[in-house]
Structures are given as structure tokens and as C-alpha cells.
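Down below is the structure, laid out as C-alpha cells.
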Amino acid sequence: MKLRSHLAAALAALAVVGAVAIAPATPAYAAANVTVTVEGDSTKVGVADPTYVTELRVTGSGFQSIKNGFGGIYVMFGWVDGDGWQPSKGGVTGVDYRYVPDDESAPTGYINFVTFPGSSTAYAANGGEIAADGTWSAVMTVPGATFQSLDRDGNPSEVNCLQVQCGIITIGAHGVKNPSNESFTPVRFENLYEEGAAPVAPDPASQAQVAATPAPTQTVIVEEPAQAAAADPDSGNGQLITILLWIAGGVGVLAVGAIAFMVWAVLSARRRQRAAAAAATAQPAAAPAEAAAVPGDGAGS
């Protein structure tokens, strides 16, 4: 009974360790994807008016959501310079990507901050929250086909989206460089308003005030939090965690081997004990020994 108990316990531990060692890790998020429609008219997809203000419904899926993580994502309208524009790849605002700036203290809708759930910066979010499944939705404003952008030093430059490809940009908020949440979704321009309609024209005074205000990613520069970096598989910490997982898998395999050896040793010892007992039972009893001669008992004297 003791052997069976030991064997059952060893096999149970073997199953647990084996499952941990060989179970594949499943990603918590997929590739980031963004869909863009005109707010109030979902039939108009990926389009904005070149002359007048357009409100766009921007919906994301497949984004990385870090519970209690620092920051979240910025959703912006602007232009990117081909491959390598992403901050995680060294892209610099005003050089590799440009966007419509907004007033961080009183955002007007040109930039949306979508927060991680439970973030310490959630109070500043004007674009909602990234759900646990990586989805979010926000409404943002596009001023038209041309806008003034700012570089890191606050120098303005004009972007004409009729000459370059513009669209929706998402990057990590508050200076956090997270490649999992970086994306660019093109937006084209066409006349959306019928003749006689009363669309909203961009406010030049408002645009001038916004252009004079540093954008959020320029005024808030922080070191990448350890939590966000650990969740990011492309970061240095993410690679370290991957290595540790491989090591843990190796340790698990060694543990499996050790448990298997212990089971084999117990069974072998039991077999040897049974064989010895069987051999002792089968051996005939030894003949009684003859009495030894005792000196001085009179024999031969």
C-alpha cells in the first residue's frame, strides 16, 4: 500500500511538472488593428473631408492591455515616413512621424489618450480604456487635409495630406515605447458634404493656439516602466523573460527525470526485497553440526 501511495504521488507530480514544462505559452494579444469610419455614418470608411473638420470613430482591436500598467496609447492623426517610423525603432516625432498637436491640459480631440485599466494616469484619459481583450473605441477630430506639426523643439512645419499619405497613428503613451501598440492606418480625403450643407470649418485661432502648445509626447518623457517592458516580448526584459522561461522548461525536464529515477529506484528496491525473500524461502534447512570434541573428556586418554 505504501508503494502504491508513493507511486501515485510521484506520478501526480510527474504529470504536473510535465504539463508546466511542455505547455506552450499563448499570446495575450494579437496584431494591433484599427478601423476608421465617419462618426454617425459607418458606411464612410477610412475617409475624411479635405476642407472641413471631420469627426472620426476610431476602433482598435488586438492591442496589448496591461492591467494597472503605466499609461496606455496615444491615438493621433498624422503622417509617417515609411518603415522604421515607430518610436520603438528609434523614430522621432517631427522627423519620422508628424501629427496634429493638442493641448495636453485641455485636449480638444485632436489626440486621444486611451488608458490601460487601473493606470495611475487614467484620470487624464479622454479616449476611454483598453479592455482586457485589447479593444477600444474613441472619437477624434481631423482638421482637414493640412495641419501644422511640431518637432521636439517646438518648431512648426506644415503637412499636406493631399501630397503625402496621412492616417491614424497609435503609439505608447507618456513616452513608453511599446511596439505591440504601434500602428498606422491610412485615411484618404474626399468631399463628404453636399452642396448647401453646413460643415464645420477649422478654427484658425484654435489651430494657432494648439500649434503653440507642446504635444503630450514632447512634454511627458519618462523611462519605460518595468511592468510594460516585461510584458513587451520585443524589449530587453521581454527577451530575458523568454530565456528564463526556457531555463524553467529545462529545469522542469530535469525534475521529470529525477522523479522518474526515484520511481524506478523504489520499484527496483521492492523487486530486490521480494527476490531475496523468495530465495530464502526456497533454500533447504542446513544439517545440524556435529558436536565438537572437548579436550579432557577422556577420549583417547
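So you can find residues: chains in the C-alpha cells are A, B, ... in the order shown, residues in each start at 1, and ligands are numbered from 1 in order.
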Per DSSP on the backbone, filter stretch 133-171 of chain A down to the residues in strand (DSSP E or B) and report them as an MDAnalysis selection string.
-> chainID A and resid 136:142 146:150 156:160 166:171
Tell me which protein, DNA and RNA residues are within 12 Å of A:Gly90, counting only C-alpha atoms, leaving out same-chain ones fewer than 6 positions away, and put them as a PyMOL selection string.
-> chain A and resi 83-84+96-97+177-179
Closest of A:Val176, A:Leu56, A:Val187, A:Val164 to A:Val80 - atom-to-atom distances counting only C-alpha atoms |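 Nearest candidate to A:Val80 out of A:Val176, A:Leu56, A:Val187, A:Val164: A:Val164.
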Skip A:Tyr110 itself and residues of its chain fewer than 4 positions away, then list as a PyMOL selection string all residues within 9 Å of it, counting only C-alpha atoms.
-> chain A and resi 75-77+99-103+140-143
Store the residues of this selection in a file with C-alpha atoms, as a PDB file, in the first residue's frame.
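Resulting contents of result-v7.pdb:
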ATOM      1  CA  VAL A  75      -4.294  57.963 -30.905  1.00  0.00           C
ATOM      2  CA  MET A  76      -3.291  60.721 -33.318  1.00  0.00           C
ATOM      3  CA  PHE A  77      -3.840  61.877 -36.883  1.00  0.00           C
ATOM      4  CA  TYR A  99       0.768  64.603 -36.177  1.00  0.00           C
ATOM      5  CA  VAL A 100      -1.811  67.232 -35.273  1.00  0.00           C
ATOM      6  CA  PRO A 101      -0.803  68.522 -31.822  1.00  0.00           C
ATOM      7  CA  ASP A 102      -3.249  69.031 -28.982  1.00  0.00           C
ATOM      8  CA  ASP A 103      -3.367  70.827 -25.641  1.00  0.00           C
ATOM      9  CA  MET A 140     -11.209  62.073 -32.732  1.00  0.00           C
ATOM     10  CA  THR A 141     -11.143  65.244 -34.783  1.00  0.00           C
ATOM     11  CA  VAL A 142      -9.359  65.724 -38.120  1.00  0.00           C
ATOM     12  CA  PRO A 143      -8.966  69.415 -39.024  1.00  0.00           C
TER      13      PRO A 143
END
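Interatomic distance, atom CA of A:Arg57 against atom CA of A:Gly167: 12.9 Å.
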Got a sec: who's within 12 Å of A:Ala125, counting only C-alpha atoms, leaving out chain neighbours fewer than 4 positions off, as JSON, numbers by chain?
-> {"A": [71, 72, 73, 74, 75, 104, 105, 106, 107, 109, 111, 112, 113, 114, 115, 116, 117, 118, 119, 120, 121, 129, 130, 138, 173, 174]}
For A:Val58, work out the shell of residues within 7 Å, counting only C-alpha atoms and skipping chain neighbours fewer than 2 positions away, then give it as a list in words.
->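 Surrounding residues, per the criterion: Val34, Thr35, Val36, Thr37, Leu56, Gly60, Ser137, Ala138 and Val139 of chain A.
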